[in-house]
Amino acid sequence: MSIVSLLILLGIFILPAVSHELGVTRVWQITLLLMSPLFIFGGEAIAQGIARLIKRLQGGCASFQSRHNRLAFLRYPVLVILIPYFVFNSGVVFELTRSQTTHFIDVPYSIALSGYRVDVNTVFVAPDVAGAVWLSARGRDDYPIYADMHGRLAFHWGDDKGFRGTAERRLRMPPFPAQVEDMMLPCYIYFRSWNTSSRMLTFPTGYATRKSIGFDNIPGLTRLVDCGDRIYTNGGAWVLSLR
């Protein structure tokens, strides 16, 4: 397993394009999974070494002479190190503290635990996909489509005529501007269910980081959402048309 982990780590240097798409954090998670048995064996060896050292310092104290007590001593690293490490990295701490820090890597979060509260990853519901399919099939090919960083990915289910691949999708879906006045007209604006319910858009701030910004903080967007031409709605996703 350690050899496989070594090959994976070596691969991110030999194939930098693949490593960029996979992400350093995912590479770390994969190698951690493969190397986890070695951590257990190493922790056991360290604990036994500490136990022998304490035994010598104590002059053969009876509490360290029985096998039962030696095994009990091995549980200490699990209680003190491994369990807190697991709890911290599972996203429980992020959720219990109600943290909303996603614009830089701070406390590990869990999509399952915190996805309802903060837009930490691309999670779609049925209306989101239905709205993207409708727009890719019914919308004009010469109209750009604006969406936030997660909404753009909904168009993986789009019509092949409008989106033949990643390059075509990027050309037709420019980044969402800082203010509505900078949009190319005419155009469409696609909102996911999370956008419409929270009235926020999510933007990238760096590698594996993002920040959600309210409609009110984007000049002109609130008026456009409330009074604009809403050509599609399904109870979750919206599509606005600007001319």
# chains A, B, ... in the order shown; residues from 1 in each chain; ligands from 1
>>> select_by_dssp(residues="stretch 3-242 of chain A", states="helix (DSSP H, G or I)", output="ChimeraX atom specification")
/A:3-14,16-22,24-57,62-64,67-89,92-96,111-114,126-138,151-157,166-172,180-182,193-198,215-217,221-227
>>> select_by_dssp(residues="stretch 181-231 of chain A", states="strand (DSSP E or B)", output="JSON list (two decimals) with N, CA, C and O atoms, in the first residue's frame")
[["chain", "number", "residue", "atom", "x", "y", "z"],
["A", 187, "CYS", "N", -28.92, 38.17, -22.91],
["A", 187, "CYS", "CA", -28.35, 37.02, -22.21],
["A", 187, "CYS", "C", -29.41, 36.36, -21.34],
["A", 187, "CYS", "O", -30.53, 36.86, -21.20],
["A", 188, "TYR", "N", -29.03, 35.22, -20.77],
["A", 188, "TYR", "CA", -29.86, 34.52, -19.79],
["A", 188, "TYR", "C", -29.11, 34.48, -18.46],
["A", 188, "TYR", "O", -27.87, 34.47, -18.42],
["A", 189, "ILE", "N", -29.88, 34.44, -17.37],
["A", 189, "ILE", "CA", -29.31, 34.22, -16.04],
["A", 189, "ILE", "C", -29.99, 32.99, -15.45],
["A", 189, "ILE", "O", -31.22, 32.92, -15.38],
["A", 190, "TYR", "N", -29.18, 32.03, -15.06],
["A", 190, "TYR", "CA", -29.69, 30.78, -14.51],
["A", 190, "TYR", "C", -29.45, 30.76, -13.00],
["A", 190, "TYR", "O", -28.33, 31.01, -12.53],
["A", 191, "PHE", "N", -30.51, 30.48, -12.24],
["A", 191, "PHE", "CA", -30.42, 30.38, -10.78],
["A", 191, "PHE", "C", -30.80, 28.97, -10.35],
["A", 191, "PHE", "O", -31.83, 28.44, -10.76],
["A", 200, "MET", "N", -28.58, 34.15, -2.76],
["A", 200, "MET", "CA", -27.14, 34.32, -2.76],
["A", 200, "MET", "C", -26.55, 33.61, -3.97],
["A", 200, "MET", "O", -27.14, 32.65, -4.50],
["A", 201, "LEU", "N", -25.39, 34.10, -4.42],
["A", 201, "LEU", "CA", -24.61, 33.46, -5.47],
["A", 201, "LEU", "C", -23.26, 33.08, -4.89],
["A", 201, "LEU", "O", -22.74, 33.75, -3.99],
["A", 202, "THR", "N", -22.68, 32.00, -5.40],
["A", 202, "THR", "CA", -21.40, 31.52, -4.91],
["A", 202, "THR", "C", -20.33, 31.74, -5.96],
["A", 202, "THR", "O", -20.51, 31.37, -7.13],
["A", 203, "PHE", "N", -19.20, 32.32, -5.54],
["A", 203, "PHE", "CA", -18.10, 32.65, -6.44],
["A", 203, "PHE", "C", -16.81, 32.00, -5.94],
["A", 203, "PHE", "O", -16.60, 31.86, -4.73],
["A", 204, "PRO", "N", -15.92, 31.62, -6.86],
["A", 204, "PRO", "CA", -14.63, 31.05, -6.44],
["A", 204, "PRO", "C", -13.72, 32.14, -5.88],
["A", 204, "PRO", "O", -13.70, 33.27, -6.37],
["A", 205, "THR", "N", -12.97, 31.80, -4.86],
["A", 205, "THR", "CA", -12.00, 32.73, -4.28],
["A", 205, "THR", "C", -10.58, 32.19, -4.38],
["A", 205, "THR", "O", -9.63, 32.88, -4.03],
["A", 206, "GLY", "N", -10.42, 30.96, -4.82],
["A", 206, "GLY", "CA", -9.11, 30.33, -4.94],
["A", 206, "GLY", "C", -9.29, 28.85, -5.14],
["A", 206, "GLY", "O", -10.40, 28.36, -5.40],
["A", 209, "THR", "N", -11.79, 26.82, -2.78],
["A", 209, "THR", "CA", -12.43, 27.76, -1.86],
["A", 209, "THR", "C", -13.49, 28.54, -2.60],
["A", 209, "THR", "O", -13.44, 28.70, -3.82],
["A", 210, "ARG", "N", -14.46, 29.06, -1.86],
["A", 210, "ARG", "CA", -15.58, 29.76, -2.46],
["A", 210, "ARG", "C", -16.20, 30.71, -1.43],
["A", 210, "ARG", "O", -15.95, 30.56, -0.22],
["A", 211, "LYS", "N", -16.99, 31.66, -1.92],
["A", 211, "LYS", "CA", -17.67, 32.58, -1.02],
["A", 211, "LYS", "C", -19.05, 32.90, -1.59],
["A", 211, "LYS", "O", -19.19, 33.16, -2.79],
["A", 212, "SER", "N", -20.05, 32.88, -0.73],
["A", 212, "SER", "CA", -21.42, 33.19, -1.14],
["A", 212, "SER", "C", -21.71, 34.66, -0.86],
["A", 212, "SER", "O", -21.42, 35.16, 0.23],
["A", 213, "ILE", "N", -22.28, 35.33, -1.86],
["A", 213, "ILE", "CA", -22.58, 36.76, -1.77],
["A", 213, "ILE", "C", -24.07, 36.97, -2.02],
["A", 213, "ILE", "O", -24.64, 36.40, -2.96],
["A", 214, "GLY", "N", -24.71, 37.77, -1.19],
["A", 214, "GLY", "CA", -26.13, 38.02, -1.31],
["A", 214, "GLY", "C", -26.48, 38.85, -2.54],
["A", 214, "GLY", "O", -25.67, 39.62, -3.05],
["A", 229, "ASP", "N", -37.58, 39.71, -16.42],
["A", 229, "ASP", "CA", -38.38, 38.81, -17.24],
["A", 229, "ASP", "C", -38.01, 37.36, -16.90],
["A", 229, "ASP", "O", -37.02, 36.82, -17.40],
["A", 230, "ARG", "N", -38.82, 36.75, -16.05],
["A", 230, "ARG", "CA", -38.57, 35.37, -15.62],
["A", 230, "ARG", "C", -39.26, 34.44, -16.62],
["A", 230, "ARG", "O", -40.47, 34.23, -16.57],
["A", 231, "ILE", "N", -38.48, 33.86, -17.53],
["A", 231, "ILE", "CA", -39.06, 33.06, -18.60],
["A", 231, "ILE", "C", -39.24, 31.60, -18.21],
["A", 231, "ILE", "O", -39.89, 30.83, -18.93]]
>>> residues_around(residues="A:Gly91", least_positions_apart="2", cutoff="8 Å", atoms="only C-alpha atoms", output="PyMOL selection string")
chain A and resi 87-89+93-95+107-110+113-114
>>> closest_residue(among="A:Met183, A:Val129, A:Leu6, A:Val92", to="A:Leu242", atoms="only C-alpha atoms")
A:Met183
>>> atom_distance(atom1="atom CA of A:Met173", atom2="atom CA of A:Tyr146")
5.8 Å
>>> residues_around(residues="A:Phe215", least_positions_apart="6", cutoff="12 Å", atoms="only C-alpha atoms", output="list of chain:residue names")
A:Asp148, A:Ala178, A:Gln179, A:Val180, A:Phe191, A:Asn195, A:Thr196, A:Ser197, A:Ser198, A:Arg199, A:Met200, A:Leu201, A:Thr202, A:Leu221, A:Thr222, A:Arg223, A:Leu224, A:Val225, A:Asp226
>>> write_last_selection(atoms="all heavy atoms", output="compact mmCIF listing (two decimals), in the first residue's frame")
# COMPACT_ATOMS: atom_id res chain seq x y z
N ASP A 148 -23.71 31.13 -11.28
CA ASP A 148 -22.60 31.13 -10.33
C ASP A 148 -21.74 29.89 -10.55
O ASP A 148 -22.01 29.07 -11.44
CB ASP A 148 -23.10 31.25 -8.89
CG ASP A 148 -23.85 30.01 -8.42
OD1 ASP A 148 -24.06 29.09 -9.23
OD2 ASP A 148 -24.23 29.97 -7.24
N ALA A 178 -19.28 41.46 -11.50
CA ALA A 178 -19.46 42.06 -10.18
C ALA A 178 -20.70 42.93 -10.11
O ALA A 178 -21.22 43.19 -9.03
CB ALA A 178 -18.23 42.88 -9.81
N GLN A 179 -21.20 43.40 -11.26
CA GLN A 179 -22.44 44.18 -11.30
C GLN A 179 -23.19 43.87 -12.59
O GLN A 179 -22.58 43.51 -13.60
CB GLN A 179 -22.15 45.67 -11.18
CG GLN A 179 -21.16 46.21 -12.19
CD GLN A 179 -20.81 47.66 -11.91
OE1 GLN A 179 -21.25 48.23 -10.92
NE2 GLN A 179 -20.04 48.26 -12.80
N VAL A 180 -24.50 44.01 -12.52
CA VAL A 180 -25.35 43.62 -13.64
C VAL A 180 -25.03 44.42 -14.90
O VAL A 180 -25.14 43.91 -16.02
CB VAL A 180 -26.83 43.79 -13.24
CG1 VAL A 180 -27.75 43.54 -14.43
CG2 VAL A 180 -27.18 42.82 -12.11
N PHE A 191 -30.51 30.48 -12.24
CA PHE A 191 -30.42 30.38 -10.78
C PHE A 191 -30.80 28.97 -10.35
O PHE A 191 -31.83 28.44 -10.76
CB PHE A 191 -31.37 31.37 -10.10
CG PHE A 191 -31.04 32.81 -10.33
CD1 PHE A 191 -31.75 33.55 -11.26
CD2 PHE A 191 -30.01 33.42 -9.63
CE1 PHE A 191 -31.45 34.89 -11.48
CE2 PHE A 191 -29.70 34.76 -9.84
CZ PHE A 191 -30.42 35.49 -10.77
N ASN A 195 -29.79 29.17 -4.95
CA ASN A 195 -29.71 30.61 -5.21
C ASN A 195 -31.02 31.30 -4.88
O ASN A 195 -31.04 32.35 -4.23
CB ASN A 195 -29.36 30.87 -6.67
CG ASN A 195 -28.03 30.28 -7.10
OD1 ASN A 195 -27.92 29.73 -8.19
ND2 ASN A 195 -27.02 30.37 -6.25
N THR A 196 -32.12 30.72 -5.33
CA THR A 196 -33.42 31.38 -5.15
C THR A 196 -33.90 31.33 -3.71
O THR A 196 -34.57 32.26 -3.25
CB THR A 196 -34.47 30.74 -6.06
OG1 THR A 196 -34.59 29.34 -5.75
CG2 THR A 196 -34.06 30.88 -7.53
N SER A 197 -33.58 30.27 -2.99
CA SER A 197 -34.04 30.15 -1.60
C SER A 197 -33.20 31.00 -0.65
O SER A 197 -33.73 31.61 0.28
CB SER A 197 -34.03 28.69 -1.15
OG SER A 197 -32.71 28.16 -1.21
N SER A 198 -31.90 31.05 -0.88
CA SER A 198 -31.02 31.83 0.00
C SER A 198 -30.77 33.23 -0.52
O SER A 198 -30.24 34.07 0.21
CB SER A 198 -29.67 31.11 0.16
OG SER A 198 -28.99 31.05 -1.09
N ARG A 199 -31.14 33.49 -1.79
CA ARG A 199 -30.89 34.77 -2.46
C ARG A 199 -29.40 35.12 -2.37
O ARG A 199 -29.01 36.23 -2.00
CB ARG A 199 -31.75 35.88 -1.86
CG ARG A 199 -33.24 35.66 -2.07
CD ARG A 199 -34.08 36.80 -1.52
NE ARG A 199 -33.90 38.03 -2.28
CZ ARG A 199 -34.58 38.35 -3.38
NH1 ARG A 199 -35.47 37.50 -3.87
NH2 ARG A 199 -34.37 39.49 -4.00
N MET A 200 -28.58 34.15 -2.76
CA MET A 200 -27.14 34.32 -2.76
C MET A 200 -26.55 33.61 -3.97
O MET A 200 -27.14 32.65 -4.50
CB MET A 200 -26.51 33.75 -1.48
CG MET A 200 -27.02 34.37 -0.19
SD MET A 200 -26.23 33.66 1.29
CE MET A 200 -24.64 34.49 1.22
N LEU A 201 -25.39 34.10 -4.42
CA LEU A 201 -24.61 33.46 -5.47
C LEU A 201 -23.26 33.08 -4.89
O LEU A 201 -22.74 33.75 -3.99
CB LEU A 201 -24.41 34.40 -6.66
CG LEU A 201 -25.66 34.85 -7.42
CD1 LEU A 201 -25.28 35.87 -8.49
CD2 LEU A 201 -26.37 33.66 -8.06
N THR A 202 -22.68 32.00 -5.40
CA THR A 202 -21.40 31.52 -4.91
C THR A 202 -20.33 31.74 -5.96
O THR A 202 -20.51 31.37 -7.13
CB THR A 202 -21.49 30.03 -4.54
OG1 THR A 202 -22.51 29.85 -3.56
CG2 THR A 202 -20.17 29.53 -3.97
N LEU A 221 -28.74 43.54 -9.07
CA LEU A 221 -29.26 42.18 -9.18
C LEU A 221 -30.60 42.02 -8.47
O LEU A 221 -31.50 41.33 -8.99
CB LEU A 221 -28.24 41.18 -8.62
CG LEU A 221 -28.62 39.70 -8.79
CD1 LEU A 221 -28.81 39.36 -10.26
CD2 LEU A 221 -27.55 38.80 -8.18
N THR A 222 -30.77 42.63 -7.32
CA THR A 222 -32.04 42.50 -6.59
C THR A 222 -33.21 43.02 -7.41
O THR A 222 -34.26 42.38 -7.51
CB THR A 222 -31.96 43.25 -5.25
OG1 THR A 222 -30.91 42.69 -4.46
CG2 THR A 222 -33.27 43.13 -4.49
N ARG A 223 -33.05 44.19 -8.01
CA ARG A 223 -34.12 44.76 -8.84
C ARG A 223 -34.39 43.85 -10.04
O ARG A 223 -35.55 43.64 -10.42
CB ARG A 223 -33.70 46.15 -9.32
CG ARG A 223 -34.71 46.82 -10.25
CD ARG A 223 -34.19 48.16 -10.73
NE ARG A 223 -32.90 48.03 -11.38
CZ ARG A 223 -32.76 47.65 -12.65
NH1 ARG A 223 -33.83 47.34 -13.39
NH2 ARG A 223 -31.56 47.56 -13.18
N LEU A 224 -33.34 43.30 -10.61
CA LEU A 224 -33.50 42.44 -11.77
C LEU A 224 -34.24 41.15 -11.41
O LEU A 224 -35.12 40.69 -12.14
CB LEU A 224 -32.12 42.11 -12.35
CG LEU A 224 -32.10 41.30 -13.64
CD1 LEU A 224 -32.74 42.09 -14.77
CD2 LEU A 224 -30.67 40.92 -14.01
N VAL A 225 -33.91 40.58 -10.26
CA VAL A 225 -34.55 39.34 -9.84
C VAL A 225 -36.03 39.57 -9.53
O VAL A 225 -36.89 38.75 -9.88
CB VAL A 225 -33.82 38.76 -8.61
CG1 VAL A 225 -34.63 37.62 -7.99
CG2 VAL A 225 -32.44 38.26 -9.00
N ASP A 226 -36.34 40.68 -8.88
CA ASP A 226 -37.71 40.95 -8.47
C ASP A 226 -38.60 41.45 -9.61
O ASP A 226 -39.81 41.20 -9.61
CB ASP A 226 -37.72 41.97 -7.34
CG ASP A 226 -37.06 41.44 -6.07
OD1 ASP A 226 -37.01 40.20 -5.92
OD2 ASP A 226 -36.58 42.25 -5.25
>>> closest_residue(among="A:Ile8, A:Ser193, A:Leu153, A:Pro219", to="A:Leu34", atoms="only C-alpha atoms")
A:Ile8
>>> closest_residue(among="A:His103, A:Arg98, A:Arg192, A:Arg172", to="A:Asn234", atoms="only C-alpha atoms")
A:Arg192
>>> closest_residue(among="A:Ile218, A:Ile105, A:Ile30, A:Val123", to="A:Gly151", atoms="only C-alpha atoms")
A:Val123
